[in-house]
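Okay, structure first, notes after.
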Amino acid sequence: MRVVIARTVLLATFVAACGDPPARVALVPVLAGPCNRVLGATSIEVTAFADSGEVTRAVPPDQALDISDFPADTLQLGVEVVKGGGVVGAIGKTAPLAFAGLADGTTIPIMMAPPNGVCPVGELGEARQAPVVARAGAGALVAGGAGTFGPLATAEFYDPATASFVPVEVPPALQDATSGLAGIVLTTLPDGRVALTGGSRGLLAVFDPDTRAFGATFALAPQRAFHGAAVIDDTHLILAGGCATVTACASSPLRSTIVYDLEGDPVGGPNLPSDAIRIGAQLFATGSGYVLAGGTGTAGEGDRFTKDQLAASKLVGLGAQATLLDGGAVLTAFARDSDPPSGAAAIVTPGGAVVPVRMAPVLAGARLVTLEDGSAIAFGGDARILRYVPTGDDWSQAALDGDPALPAFTAPALVRLADGSVLVLGGEATPSTKAWVYRPSLVGPASGSVTVVPASDTSLGILTVPDPATVTRATEWILIAPDDTLSARALAGGPRMRRGSVKATVTVSAGGLALIAQQTSPESALVARLQPGELARLERPDGTTACTGTEVAFPALAFIAALEVGDGVRVTIDDVEVLACEHVAAETGAWGVAASGAGARVAVATVTVAR
């Protein structure tokens, strides 16, 4: 494989197989302009993010790069443009791709921007304020919002291959001349399609990003708008709260939850509290149940439930903006737009407890989104971006680069795209056609490895503790287990793997240690349990024991515990094998560590997750 780097084109030549003519494939930046133009570039690095690990090659600008040894199981490609002093001037990552099957002449678009930079992209076809947006395939569906002359009944698709917007035909049944698409909710399905639900017509329709068209429309009962919606599986959604009408929403709150298939057939779910007013709230599938949080209903309130319960449990002490963190925790922060600005923040744990976390700086009109590396960012006024890092429970202002003429964002619409960047829309005092893309680090699900030093302020890796009450962050970083449910666990942000390893440098002063692999929900993970005086054991995601090893004894001082999952499973303590057995790695998920057993105390110095 050969990559030729030019000023505006990264030209790759992929060798298909021995004896075959090479397939020439172009990596092409989708934007040209000062935002992503790097002056004084000295080298360009191309990284294959593969299921088998990372491979990086570098060349001077405008020279060919032979990457014929890039793995056939490459999931994404990343590019970094380096200038004098080793400073990275621009970065980018492709959307997930089928690397081995790329045909001759394929053009692979890649959005390049300064690290933590915000760059303008093509303008919307219509000026919009507060549109609804959701990821759709590699791009995003943008619908509704307020236009220059009132609510809009139109939609557009953001095409990341061209960094531009194209109009989408909205079925006549969804259009309302008075209310437009007000009250609709967009929910991304597992296959990348988007389910549109609710609005003044109370309908359901599915948007296909491949055809860029909506399918048939189906009526919802009851009619619902400004609700929360979450995916249950490939063909079912659950809707909660909201109101019965768009024009008199506050006086017609709904306190039901309903499960629908993609043709609108309903099955009743649990009821919300009798006094619940949940308007514009978001519904999150946490793996342990569902959390309804945020919006403009009763300030500070939300709900938690499973779909099999009769009634939801009320939550209090929440912020008005919410986002789902790794491991099933929901971060909430900031006040409603109608209230005095506030930085109060809290996390809803997978078990449903509300735990206050460090207050954020006050940011008017802030909106939250979680990044692929496990951190979260808030876009708010004065063109500021706040970054929340769960490792240290810390908010900090991100150093921005890129467009020098950013507006003072207020209530922008945000969505994380398939390449890990964030599309930013609206956020201005009047309807606008402007749009931007924010480029965070390249760390994501396909990354080859990440190392976290939790007690360090400069650690690039991130650990998320779904229950912040189970960790102390003084001179040491200590997990403290309140019970034997492994609620005191920490998951590494970024890599999502089926096969790989987690290695932790720890000191266990009480109880036991668990190493976590392939977590897809708080109740579903491959767990290596290490309890002193007991046999090491491997627990399947359903909680049953897959195999046992030798009796566990921990060193008195810090030691290294490791769990490796490949063709089989191996667990070591300071390189001494304590468990080895056959196991078929089936799930792709998060990896980390936990304190095991009621009263367990585990000081964590480092955690490394690697493919």
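So you can find residues: chains in the structure tokens are A, B, ... in the order shown, residues in each start at 1, and ligands are numbered from 1 in order.
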*Pick out the residues sitting within 8 Å of Gly302 in chain A, and hand them over as number ranges by chain; count only C-alpha atoms, and ignore anything fewer than 4 positions along from it in its own chain.*
A: 278, 291-294, 314-316, 318
For range 199-268 of chain A versus range 130-147 of chain A, which residues have an atom no more than 8 Å away, and what is each residue's nearest atom pair and distance in Å rounded to one decimal, using only C-alpha atoms, chain-then-number order, as a Markdown table?
```
| residue | atom | partner | partner_atom | distance |
| --- | --- | --- | --- | --- |
| A:Asp208 | CA | A:Ala136 | CA | 7.6 |
| A:Pro209 | CA | A:Ala136 | CA | 5.7 |
| A:Asp210 | CA | A:Gly137 | CA | 7.7 |
```
Please, could you write that set of residues out with N, CA and C atoms as a PDB file, in the first residue's frame?
```
ATOM      1  N   ASP A 208     -33.569   6.724   6.173  1.00  0.00           N
ATOM      2  CA  ASP A 208     -32.466   5.872   5.746  1.00  0.00           C
ATOM      3  C   ASP A 208     -31.354   6.747   5.165  1.00  0.00           C
ATOM      4  N   PRO A 209     -30.174   6.792   5.804  1.00  0.00           N
ATOM      5  CA  PRO A 209     -29.114   7.662   5.275  1.00  0.00           C
ATOM      6  C   PRO A 209     -28.557   7.196   3.946  1.00  0.00           C
ATOM      7  N   ASP A 210     -28.729   5.918   3.601  1.00  0.00           N
ATOM      8  CA  ASP A 210     -28.240   5.436   2.315  1.00  0.00           C
ATOM      9  C   ASP A 210     -29.071   5.990   1.158  1.00  0.00           C
TER      10      ASP A 210
END
```
_Could you list, as a list in words, every residue within 8 Å of Pro454 in chain A, counting only C-alpha atoms and ignoring same-chain residues fewer than 4 positions away?_
Thr391, Gly392, Ser459, Ile462, Leu463, Trp477, Val604, Ala605 and Thr606 of chain A
Those selected residues, please, written with all heavy atoms and delivered as a PDB file, in the first residue's frame.
```pdb
ATOM      1  N   THR A 391     -12.179  11.072  35.166  1.00  0.00           N
ATOM      2  CA  THR A 391     -11.085  10.558  35.989  1.00  0.00           C
ATOM      3  C   THR A 391     -10.881  11.412  37.233  1.00  0.00           C
ATOM      4  O   THR A 391     -10.813  10.898  38.355  1.00  0.00           O
ATOM      5  CB  THR A 391      -9.762  10.524  35.195  1.00  0.00           C
ATOM      6  OG1 THR A 391      -9.995  10.023  33.892  1.00  0.00           O
ATOM      7  CG2 THR A 391      -8.726   9.669  35.906  1.00  0.00           C
ATOM      8  N   GLY A 392     -10.759  12.702  37.040  1.00  0.00           N
ATOM      9  CA  GLY A 392     -10.525  13.601  38.167  1.00  0.00           C
ATOM     10  C   GLY A 392     -11.738  14.370  38.607  1.00  0.00           C
ATOM     11  O   GLY A 392     -11.628  15.265  39.456  1.00  0.00           O
ATOM     12  N   SER A 459      -2.630  12.929  32.542  1.00  0.00           N
ATOM     13  CA  SER A 459      -2.910  11.653  31.882  1.00  0.00           C
ATOM     14  C   SER A 459      -3.844  11.867  30.701  1.00  0.00           C
ATOM     15  O   SER A 459      -4.896  12.506  30.820  1.00  0.00           O
ATOM     16  CB  SER A 459      -3.540  10.671  32.868  1.00  0.00           C
ATOM     17  OG  SER A 459      -3.917   9.474  32.216  1.00  0.00           O
ATOM     18  N   ILE A 462      -8.526   8.167  30.009  1.00  0.00           N
ATOM     19  CA  ILE A 462      -9.623   8.564  30.902  1.00  0.00           C
ATOM     20  C   ILE A 462     -10.263   7.332  31.505  1.00  0.00           C
ATOM     21  O   ILE A 462     -10.505   6.336  30.824  1.00  0.00           O
ATOM     22  CB  ILE A 462     -10.673   9.384  30.125  1.00  0.00           C
ATOM     23  CG1 ILE A 462     -10.091  10.746  29.745  1.00  0.00           C
ATOM     24  CG2 ILE A 462     -11.956   9.573  30.938  1.00  0.00           C
ATOM     25  CD1 ILE A 462     -10.945  11.536  28.793  1.00  0.00           C
ATOM     26  N   LEU A 463     -10.521   7.382  32.820  1.00  0.00           N
ATOM     27  CA  LEU A 463     -11.289   6.361  33.519  1.00  0.00           C
ATOM     28  C   LEU A 463     -12.609   6.959  33.970  1.00  0.00           C
ATOM     29  O   LEU A 463     -12.635   8.057  34.537  1.00  0.00           O
ATOM     30  CB  LEU A 463     -10.546   5.843  34.756  1.00  0.00           C
ATOM     31  CG  LEU A 463      -9.407   4.835  34.568  1.00  0.00           C
ATOM     32  CD1 LEU A 463      -8.844   4.460  35.932  1.00  0.00           C
ATOM     33  CD2 LEU A 463      -9.880   3.596  33.838  1.00  0.00           C
ATOM     34  N   TRP A 477      -5.633   7.306  44.213  1.00  0.00           N
ATOM     35  CA  TRP A 477      -6.935   7.101  43.562  1.00  0.00           C
ATOM     36  C   TRP A 477      -7.428   5.734  44.006  1.00  0.00           C
ATOM     37  O   TRP A 477      -6.869   4.709  43.610  1.00  0.00           O
ATOM     38  CB  TRP A 477      -6.742   7.155  42.051  1.00  0.00           C
ATOM     39  CG  TRP A 477      -7.927   7.561  41.243  1.00  0.00           C
ATOM     40  CD1 TRP A 477      -8.344   8.824  40.982  1.00  0.00           C
ATOM     41  CD2 TRP A 477      -8.822   6.691  40.542  1.00  0.00           C
ATOM     42  NE1 TRP A 477      -9.445   8.812  40.158  1.00  0.00           N
ATOM     43  CE2 TRP A 477      -9.762   7.511  39.876  1.00  0.00           C
ATOM     44  CE3 TRP A 477      -8.931   5.311  40.413  1.00  0.00           C
ATOM     45  CZ2 TRP A 477     -10.792   6.998  39.098  1.00  0.00           C
ATOM     46  CZ3 TRP A 477      -9.955   4.792  39.638  1.00  0.00           C
ATOM     47  CH2 TRP A 477     -10.877   5.632  38.998  1.00  0.00           C
ATOM     48  N   VAL A 604      -5.467   2.455  42.698  1.00  0.00           N
ATOM     49  CA  VAL A 604      -5.161   2.244  41.283  1.00  0.00           C
ATOM     50  C   VAL A 604      -4.111   3.260  40.847  1.00  0.00           C
ATOM     51  O   VAL A 604      -4.343   4.465  40.899  1.00  0.00           O
ATOM     52  CB  VAL A 604      -6.420   2.380  40.416  1.00  0.00           C
ATOM     53  CG1 VAL A 604      -6.088   2.111  38.955  1.00  0.00           C
ATOM     54  CG2 VAL A 604      -7.509   1.434  40.902  1.00  0.00           C
ATOM     55  N   ALA A 605      -2.936   2.758  40.422  1.00  0.00           N
ATOM     56  CA  ALA A 605      -1.855   3.636  39.957  1.00  0.00           C
ATOM     57  C   ALA A 605      -1.894   3.830  38.458  1.00  0.00           C
ATOM     58  O   ALA A 605      -1.736   4.956  37.967  1.00  0.00           O
ATOM     59  CB  ALA A 605      -0.501   3.076  40.385  1.00  0.00           C
ATOM     60  N   THR A 606      -2.094   2.742  37.694  1.00  0.00           N
ATOM     61  CA  THR A 606      -2.200   2.837  36.236  1.00  0.00           C
ATOM     62  C   THR A 606      -3.150   1.769  35.740  1.00  0.00           C
ATOM     63  O   THR A 606      -3.306   0.708  36.352  1.00  0.00           O
ATOM     64  CB  THR A 606      -0.845   2.639  35.519  1.00  0.00           C
ATOM     65  OG1 THR A 606      -0.385   1.307  35.737  1.00  0.00           O
ATOM     66  CG2 THR A 606       0.190   3.632  36.010  1.00  0.00           C
TER      67      THR A 606
END
```
*Within 9 Å of Met111 in chain A, counting only C-alpha atoms, which residues show up once you throw out same-chain ones fewer than 4 positions away? Write them as an MDAnalysis selection string, please.*
chainID A and resid 28:31 36 91:94 160:161 163 419 421 437 439
Write the selection just made, keeping all heavy atoms, as an mmCIF file, in the first residue's frame?
```cif
data_model
loop_
_atom_site.group_PDB
_atom_site.id
_atom_site.type_symbol
_atom_site.label_atom_id
_atom_site.label_comp_id
_atom_site.auth_asym_id
_atom_site.auth_seq_id
_atom_site.Cartn_x
_atom_site.Cartn_y
_atom_site.Cartn_z
ATOM 1 N N VAL A 28 -8.877 11.935 0.946
ATOM 2 C CA VAL A 28 -9.056 13.308 0.494
ATOM 3 C C VAL A 28 -9.664 14.163 1.601
ATOM 4 O O VAL A 28 -10.771 13.889 2.077
ATOM 5 C CB VAL A 28 -9.977 13.360 -0.746
ATOM 6 C CG1 VAL A 28 -10.128 14.790 -1.230
ATOM 7 C CG2 VAL A 28 -9.412 12.486 -1.847
ATOM 8 N N PRO A 29 -8.964 15.215 2.042
ATOM 9 C CA PRO A 29 -9.571 16.151 2.997
ATOM 10 C C PRO A 29 -10.826 16.781 2.393
ATOM 11 O O PRO A 29 -10.839 17.154 1.222
ATOM 12 C CB PRO A 29 -8.477 17.199 3.208
ATOM 13 C CG PRO A 29 -7.204 16.497 2.831
ATOM 14 C CD PRO A 29 -7.581 15.574 1.719
ATOM 15 N N VAL A 30 -11.880 16.880 3.198
ATOM 16 C CA VAL A 30 -13.140 17.373 2.656
ATOM 17 C C VAL A 30 -13.221 18.889 2.646
ATOM 18 O O VAL A 30 -14.125 19.453 2.050
ATOM 19 C CB VAL A 30 -14.347 16.799 3.434
ATOM 20 C CG1 VAL A 30 -14.383 15.293 3.307
ATOM 21 C CG2 VAL A 30 -14.306 17.211 4.904
ATOM 22 N N LEU A 31 -12.301 19.555 3.314
ATOM 23 C CA LEU A 31 -12.312 21.006 3.342
ATOM 24 C C LEU A 31 -10.949 21.543 2.956
ATOM 25 O O LEU A 31 -9.921 20.955 3.286
ATOM 26 C CB LEU A 31 -12.669 21.534 4.740
ATOM 27 C CG LEU A 31 -14.123 21.440 5.188
ATOM 28 C CD1 LEU A 31 -14.242 21.963 6.611
ATOM 29 C CD2 LEU A 31 -15.029 22.239 4.269
ATOM 30 N N ASN A 36 -7.739 24.324 8.259
ATOM 31 C CA ASN A 36 -7.021 23.047 8.287
ATOM 32 C C ASN A 36 -5.741 23.079 7.455
ATOM 33 O O ASN A 36 -5.192 22.028 7.138
ATOM 34 C CB ASN A 36 -7.927 21.897 7.820
ATOM 35 C CG ASN A 36 -8.501 22.135 6.438
ATOM 36 O OD1 ASN A 36 -7.969 22.921 5.674
ATOM 37 N ND2 ASN A 36 -9.587 21.452 6.124
ATOM 38 N N ILE A 91 -5.428 17.192 12.580
ATOM 39 C CA ILE A 91 -5.694 15.769 12.738
ATOM 40 C C ILE A 91 -7.030 15.439 12.084
ATOM 41 O O ILE A 91 -7.874 16.310 11.868
ATOM 42 C CB ILE A 91 -5.731 15.333 14.223
ATOM 43 C CG1 ILE A 91 -6.845 16.087 14.976
ATOM 44 C CG2 ILE A 91 -4.393 15.552 14.890
ATOM 45 C CD1 ILE A 91 -7.014 15.632 16.420
ATOM 46 N N GLY A 92 -7.208 14.160 11.776
ATOM 47 C CA GLY A 92 -8.477 13.712 11.222
ATOM 48 C C GLY A 92 -8.580 12.207 11.295
ATOM 49 O O GLY A 92 -7.577 11.501 11.426
ATOM 50 N N LYS A 93 -9.789 11.703 11.212
ATOM 51 C CA LYS A 93 -10.034 10.268 11.258
ATOM 52 C C LYS A 93 -11.208 9.958 10.349
ATOM 53 O O LYS A 93 -12.192 10.705 10.294
ATOM 54 C CB LYS A 93 -10.339 9.832 12.703
ATOM 55 C CG LYS A 93 -10.443 8.333 12.891
ATOM 56 C CD LYS A 93 -10.429 7.945 14.375
ATOM 57 C CE LYS A 93 -11.605 8.476 15.148
ATOM 58 N NZ LYS A 93 -11.648 7.962 16.532
ATOM 59 N N THR A 94 -11.093 8.866 9.607
ATOM 60 C CA THR A 94 -12.199 8.474 8.740
ATOM 61 C C THR A 94 -13.327 7.893 9.565
ATOM 62 O O THR A 94 -13.154 7.519 10.722
ATOM 63 C CB THR A 94 -11.754 7.415 7.720
ATOM 64 O OG1 THR A 94 -11.448 6.192 8.428
ATOM 65 C CG2 THR A 94 -10.542 7.870 6.939
ATOM 66 N N PRO A 160 -20.792 14.081 5.462
ATOM 67 C CA PRO A 160 -19.407 14.336 5.879
ATOM 68 C C PRO A 160 -18.402 14.170 4.749
ATOM 69 O O PRO A 160 -17.276 14.656 4.857
ATOM 70 C CB PRO A 160 -19.179 13.301 6.985
ATOM 71 C CG PRO A 160 -20.111 12.183 6.654
ATOM 72 C CD PRO A 160 -21.323 12.835 6.055
ATOM 73 N N ALA A 161 -18.791 13.498 3.672
ATOM 74 C CA ALA A 161 -17.879 13.328 2.545
ATOM 75 C C ALA A 161 -17.627 14.640 1.819
ATOM 76 O O ALA A 161 -16.593 14.805 1.161
ATOM 77 C CB ALA A 161 -18.437 12.302 1.565
ATOM 78 N N ALA A 163 -18.740 17.724 3.540
ATOM 79 C CA ALA A 163 -18.922 18.755 4.569
ATOM 80 C C ALA A 163 -20.002 19.745 4.159
ATOM 81 O O ALA A 163 -19.862 20.956 4.314
ATOM 82 C CB ALA A 163 -17.610 19.482 4.860
ATOM 83 N N ASP A 419 -17.078 9.634 12.781
ATOM 84 C CA ASP A 419 -15.620 9.748 12.842
ATOM 85 C C ASP A 419 -15.140 10.303 14.174
ATOM 86 O O ASP A 419 -13.944 10.555 14.346
ATOM 87 C CB ASP A 419 -15.092 10.608 11.691
ATOM 88 C CG ASP A 419 -15.497 12.074 11.792
ATOM 89 O OD1 ASP A 419 -16.301 12.423 12.688
ATOM 90 O OD2 ASP A 419 -15.008 12.885 10.978
ATOM 91 N N SER A 421 -15.885 13.255 15.490
ATOM 92 C CA SER A 421 -15.995 14.705 15.571
ATOM 93 C C SER A 421 -17.415 15.088 15.975
ATOM 94 O O SER A 421 -18.313 14.256 16.023
ATOM 95 C CB SER A 421 -15.620 15.348 14.232
ATOM 96 O OG SER A 421 -16.548 14.971 13.223
ATOM 97 N N VAL A 437 -17.652 22.030 12.752
ATOM 98 C CA VAL A 437 -17.256 20.716 13.249
ATOM 99 C C VAL A 437 -16.125 20.914 14.252
ATOM 100 O O VAL A 437 -15.148 21.627 13.985
ATOM 101 C CB VAL A 437 -16.810 19.782 12.113
ATOM 102 C CG1 VAL A 437 -16.035 18.592 12.663
ATOM 103 C CG2 VAL A 437 -18.023 19.280 11.338
ATOM 104 N N ARG A 439 -13.134 19.040 16.371
ATOM 105 C CA ARG A 439 -12.299 17.850 16.241
ATOM 106 C C ARG A 439 -11.563 17.562 17.559
ATOM 107 O O ARG A 439 -10.562 18.190 17.875
ATOM 108 C CB ARG A 439 -11.274 18.059 15.135
ATOM 109 C CG ARG A 439 -10.299 16.912 14.888
ATOM 110 C CD ARG A 439 -10.952 15.671 14.357
ATOM 111 N NE ARG A 439 -11.163 14.665 15.381
ATOM 112 C CZ ARG A 439 -11.770 13.515 15.176
ATOM 113 N NH1 ARG A 439 -12.232 13.214 13.964
ATOM 114 N NH2 ARG A 439 -11.941 12.663 16.157
#
```
*List the neighbours of Leu181 in chain A out to 8 Å using only C-alpha atoms; skip same-chain residues closer than 2 positions along the sequence, and give me the result as a PyMOL selection string.*
chain A and resi 143-145+151-154+174-176+179+183-184+199-200
How would the residues just picked look written out with N, CA and C atoms as a CSV table (one decimal), in the first residue's frame?
```csv
chain,number,residue,atom,x,y,z
A,143,ALA,N,-33.4,18.4,11.4
A,143,ALA,CA,-34.9,18.6,11.1
A,143,ALA,C,-35.5,19.7,11.9
A,144,GLY,N,-36.4,20.4,11.3
A,144,GLY,CA,-37.2,21.4,12.1
A,144,GLY,C,-36.4,22.6,12.5
A,145,GLY,N,-36.8,23.1,13.7
A,145,GLY,CA,-36.2,24.3,14.3
A,145,GLY,C,-37.0,25.5,13.9
A,151,PRO,N,-41.9,28.2,12.7
A,151,PRO,CA,-41.4,26.8,12.7
A,151,PRO,C,-41.2,26.2,11.3
A,152,LEU,N,-40.2,25.4,11.2
A,152,LEU,CA,-39.9,24.8,9.9
A,152,LEU,C,-40.4,23.3,9.8
A,153,ALA,N,-40.8,22.9,8.7
A,153,ALA,CA,-41.3,21.6,8.4
A,153,ALA,C,-40.3,20.9,7.4
A,154,THR,N,-39.1,21.3,7.4
A,154,THR,CA,-38.1,20.8,6.5
A,154,THR,C,-37.0,20.1,7.2
A,174,LEU,N,-46.0,14.4,7.7
A,174,LEU,CA,-45.3,14.9,8.9
A,174,LEU,C,-45.3,16.5,8.9
A,175,GLN,N,-45.7,17.1,7.8
A,175,GLN,CA,-45.6,18.5,7.7
A,175,GLN,C,-46.9,19.2,8.3
A,176,ASP,N,-46.6,20.2,9.1
A,176,ASP,CA,-47.7,21.0,9.7
A,176,ASP,C,-47.4,22.5,9.4
A,179,SER,N,-47.1,24.5,13.0
A,179,SER,CA,-46.1,24.0,14.0
A,179,SER,C,-44.9,23.5,13.4
A,183,GLY,N,-41.6,19.6,18.3
A,183,GLY,CA,-42.0,18.5,19.1
A,183,GLY,C,-41.5,17.1,18.7
A,184,ILE,N,-40.9,17.0,17.5
A,184,ILE,CA,-40.4,15.7,17.1
A,184,ILE,C,-39.1,15.3,17.9
A,199,GLY,N,-44.2,15.0,17.4
A,199,GLY,CA,-44.6,16.2,16.7
A,199,GLY,C,-46.0,16.5,16.8
A,200,SER,N,-46.5,17.5,16.1
A,200,SER,CA,-47.9,17.9,16.1
A,200,SER,C,-48.8,16.8,15.5
```
*Which of these, A:Gln129, A:Thr107, A:Gln63, A:Ser596, has the shortest distance to Arg489 in chain A once you count only C-alpha atoms?*
A:Ser596
*Can you list every residue in range 243-378 of chain A that DSSP puts in strand (DSSP E), as JSON, numbers by chain?*
{"A": [257, 258, 259, 260, 261, 266, 267, 268, 282, 283, 284, 285, 290, 291, 292, 293, 302, 303, 304, 305, 313, 314, 315, 321, 322, 323, 324, 330, 331, 332, 333, 345, 346, 347, 348, 354, 355, 356, 357, 367, 368, 369, 370, 376, 377, 378]}
Go ahead and write the selection's residues with N, CA and C atoms as a compact mmCIF listing (two decimals), in the first residue's frame.
```txt
# COMPACT_ATOMS: atom_id res chain seq x y z
N THR A 257 -45.03 5.65 29.59
CA THR A 257 -43.97 5.19 28.71
C THR A 257 -44.57 4.11 27.83
N ILE A 258 -44.20 4.13 26.55
CA ILE A 258 -44.74 3.18 25.58
C ILE A 258 -43.61 2.62 24.75
N VAL A 259 -43.63 1.31 24.53
CA VAL A 259 -42.69 0.65 23.64
C VAL A 259 -43.36 0.49 22.27
N TYR A 260 -42.66 0.90 21.21
CA TYR A 260 -43.18 0.79 19.85
C TYR A 260 -42.20 0.00 18.99
N ASP A 261 -42.75 -0.78 18.06
CA ASP A 261 -41.89 -1.30 17.00
C ASP A 261 -41.83 -0.24 15.90
N PRO A 266 -47.95 -0.44 19.72
CA PRO A 266 -47.57 -0.06 21.08
C PRO A 266 -47.72 -1.19 22.10
N VAL A 267 -46.84 -1.14 23.11
CA VAL A 267 -46.96 -1.96 24.31
C VAL A 267 -46.68 -1.05 25.49
N GLY A 268 -47.58 -1.03 26.46
CA GLY A 268 -47.44 -0.12 27.59
C GLY A 268 -46.26 -0.44 28.46
N GLN A 282 -34.32 14.06 27.80
CA GLN A 282 -33.68 13.00 27.03
C GLN A 282 -33.83 11.68 27.77
N LEU A 283 -34.02 10.60 27.01
CA LEU A 283 -34.13 9.27 27.59
C LEU A 283 -32.88 8.48 27.24
N PHE A 284 -32.21 7.94 28.26
CA PHE A 284 -30.96 7.22 28.07
C PHE A 284 -31.13 5.76 28.46
N ALA A 285 -30.70 4.85 27.57
CA ALA A 285 -30.63 3.43 27.90
C ALA A 285 -29.27 3.20 28.55
N TYR A 290 -33.49 2.73 32.29
CA TYR A 290 -33.62 3.96 31.52
C TYR A 290 -33.66 5.14 32.47
N VAL A 291 -32.99 6.22 32.06
CA VAL A 291 -33.00 7.47 32.83
C VAL A 291 -33.55 8.57 31.94
N LEU A 292 -34.58 9.26 32.43
CA LEU A 292 -35.19 10.40 31.75
C LEU A 292 -34.72 11.65 32.48
N ALA A 293 -33.97 12.50 31.80
CA ALA A 293 -33.34 13.64 32.48
C ALA A 293 -33.26 14.84 31.56
N GLY A 302 -36.14 14.16 37.35
CA GLY A 302 -36.07 13.18 36.28
C GLY A 302 -36.61 11.86 36.80
N ASP A 303 -36.41 10.79 36.05
CA ASP A 303 -36.98 9.49 36.44
C ASP A 303 -36.04 8.38 36.01
N ARG A 304 -36.14 7.25 36.73
CA ARG A 304 -35.42 6.04 36.35
C ARG A 304 -36.39 4.87 36.40
N PHE A 305 -36.28 3.96 35.42
CA PHE A 305 -37.17 2.80 35.39
C PHE A 305 -36.57 1.72 34.50
N SER A 313 -39.15 5.57 39.27
CA SER A 313 -38.71 6.24 40.49
C SER A 313 -38.28 7.66 40.16
N LYS A 314 -38.76 8.61 40.96
CA LYS A 314 -38.40 10.01 40.71
C LYS A 314 -36.97 10.27 41.16
N LEU A 315 -36.25 11.06 40.36
CA LEU A 315 -34.91 11.51 40.68
C LEU A 315 -34.95 13.03 40.92
N GLN A 321 -29.21 19.76 31.44
CA GLN A 321 -28.57 19.14 30.28
C GLN A 321 -27.98 17.81 30.71
N ALA A 322 -28.04 16.81 29.84
CA ALA A 322 -27.61 15.47 30.23
C ALA A 322 -26.91 14.78 29.08
N THR A 323 -26.01 13.85 29.43
CA THR A 323 -25.32 13.03 28.43
C THR A 323 -24.90 11.73 29.09
N LEU A 324 -24.87 10.65 28.30
CA LEU A 324 -24.55 9.32 28.81
C LEU A 324 -23.04 9.10 28.78
N VAL A 330 -25.14 8.72 33.87
CA VAL A 330 -25.67 9.87 33.15
C VAL A 330 -25.20 11.15 33.85
N LEU A 331 -24.43 11.96 33.14
CA LEU A 331 -23.97 13.24 33.67
C LEU A 331 -25.02 14.30 33.38
N THR A 332 -25.41 15.06 34.41
CA THR A 332 -26.33 16.17 34.23
C THR A 332 -25.68 17.44 34.78
N ALA A 333 -25.93 18.57 34.14
CA ALA A 333 -25.31 19.82 34.57
C ALA A 333 -26.10 21.00 34.02
N ALA A 345 -23.81 20.24 39.03
CA ALA A 345 -23.74 19.02 38.24
C ALA A 345 -23.95 17.81 39.13
N ALA A 346 -24.49 16.74 38.56
CA ALA A 346 -24.70 15.49 39.29
C ALA A 346 -24.68 14.35 38.30
N ILE A 347 -24.35 13.16 38.81
CA ILE A 347 -24.35 11.94 38.00
C ILE A 347 -25.41 11.00 38.53
N VAL A 348 -26.20 10.43 37.62
CA VAL A 348 -27.12 9.36 37.97
C VAL A 348 -26.38 8.04 37.72
N VAL A 354 -28.39 9.51 42.76
CA VAL A 354 -27.97 10.80 42.24
C VAL A 354 -26.80 11.28 43.10
N VAL A 355 -25.62 11.41 42.49
CA VAL A 355 -24.40 11.76 43.22
C VAL A 355 -23.90 13.11 42.72
N PRO A 356 -23.87 14.14 43.57
CA PRO A 356 -23.32 15.42 43.12
C PRO A 356 -21.86 15.27 42.74
N VAL A 357 -21.45 15.97 41.68
CA VAL A 357 -20.05 16.00 41.26
C VAL A 357 -19.62 17.46 41.20
N ARG A 367 -24.80 23.16 26.20
CA ARG A 367 -25.29 21.86 25.75
C ARG A 367 -24.16 20.85 25.86
N LEU A 368 -24.49 19.61 26.22
CA LEU A 368 -23.50 18.57 26.51
C LEU A 368 -23.48 17.49 25.44
N VAL A 369 -22.29 16.91 25.22
CA VAL A 369 -22.16 15.73 24.37
C VAL A 369 -20.93 14.96 24.86
N THR A 370 -21.01 13.62 24.82
CA THR A 370 -19.89 12.77 25.23
C THR A 370 -19.00 12.47 24.04
N ALA A 376 -16.56 14.47 28.34
CA ALA A 376 -17.74 15.17 27.81
C ALA A 376 -17.39 16.63 27.62
N ILE A 377 -18.02 17.26 26.63
CA ILE A 377 -17.80 18.69 26.43
C ILE A 377 -19.13 19.42 26.48
N ALA A 378 -19.05 20.67 26.92
CA ALA A 378 -20.21 21.55 26.94
C ALA A 378 -19.89 22.77 26.08
```
*Mind giving me the straight-line distance from CA of Ala594 in chain A to CA of Ala488 in chain A in Å, one decimal?*
5.5 Å
*Test item: residues at most 8 Å from range 404-411 of chain A, only C-alpha atoms, excluding those fewer than 6 positions along its chain, as a PyMOL selection string*: chain A and resi 130+364-367+379-384+426-429
*asked:* Which residue is closest to Gly241 in chain A? Choose from A:Ala219, A:Val424, A:Leu530, A:Ala276 and count only C-alpha atoms.
replied: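 Checking each candidate against Gly241 in chain A, we get A:Ala276 as the closest.
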*Counting only C-alpha atoms, which of A:Gly533, A:Gly568, A:Pro431, A:Gly592 gets nearest to Thr505 in chain A?*
A:Gly592
*Of the candidates A:Asp467, A:Glu123, A:Glu372, A:Glu587, which shows the shortest atom-to-atom distance to Ala525 in chain A, using only C-alpha atoms?*
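Smallest distance to Ala525 in chain A is found for A:Glu587.
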*Taking only C-alpha atoms into account, which of A:Ser274, A:Thr520, A:Thr550, A:Ser447 comes nearest Leu75 in chain A?*
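With only C-alpha atoms as the atom set, the closest residue is A:Ser447.
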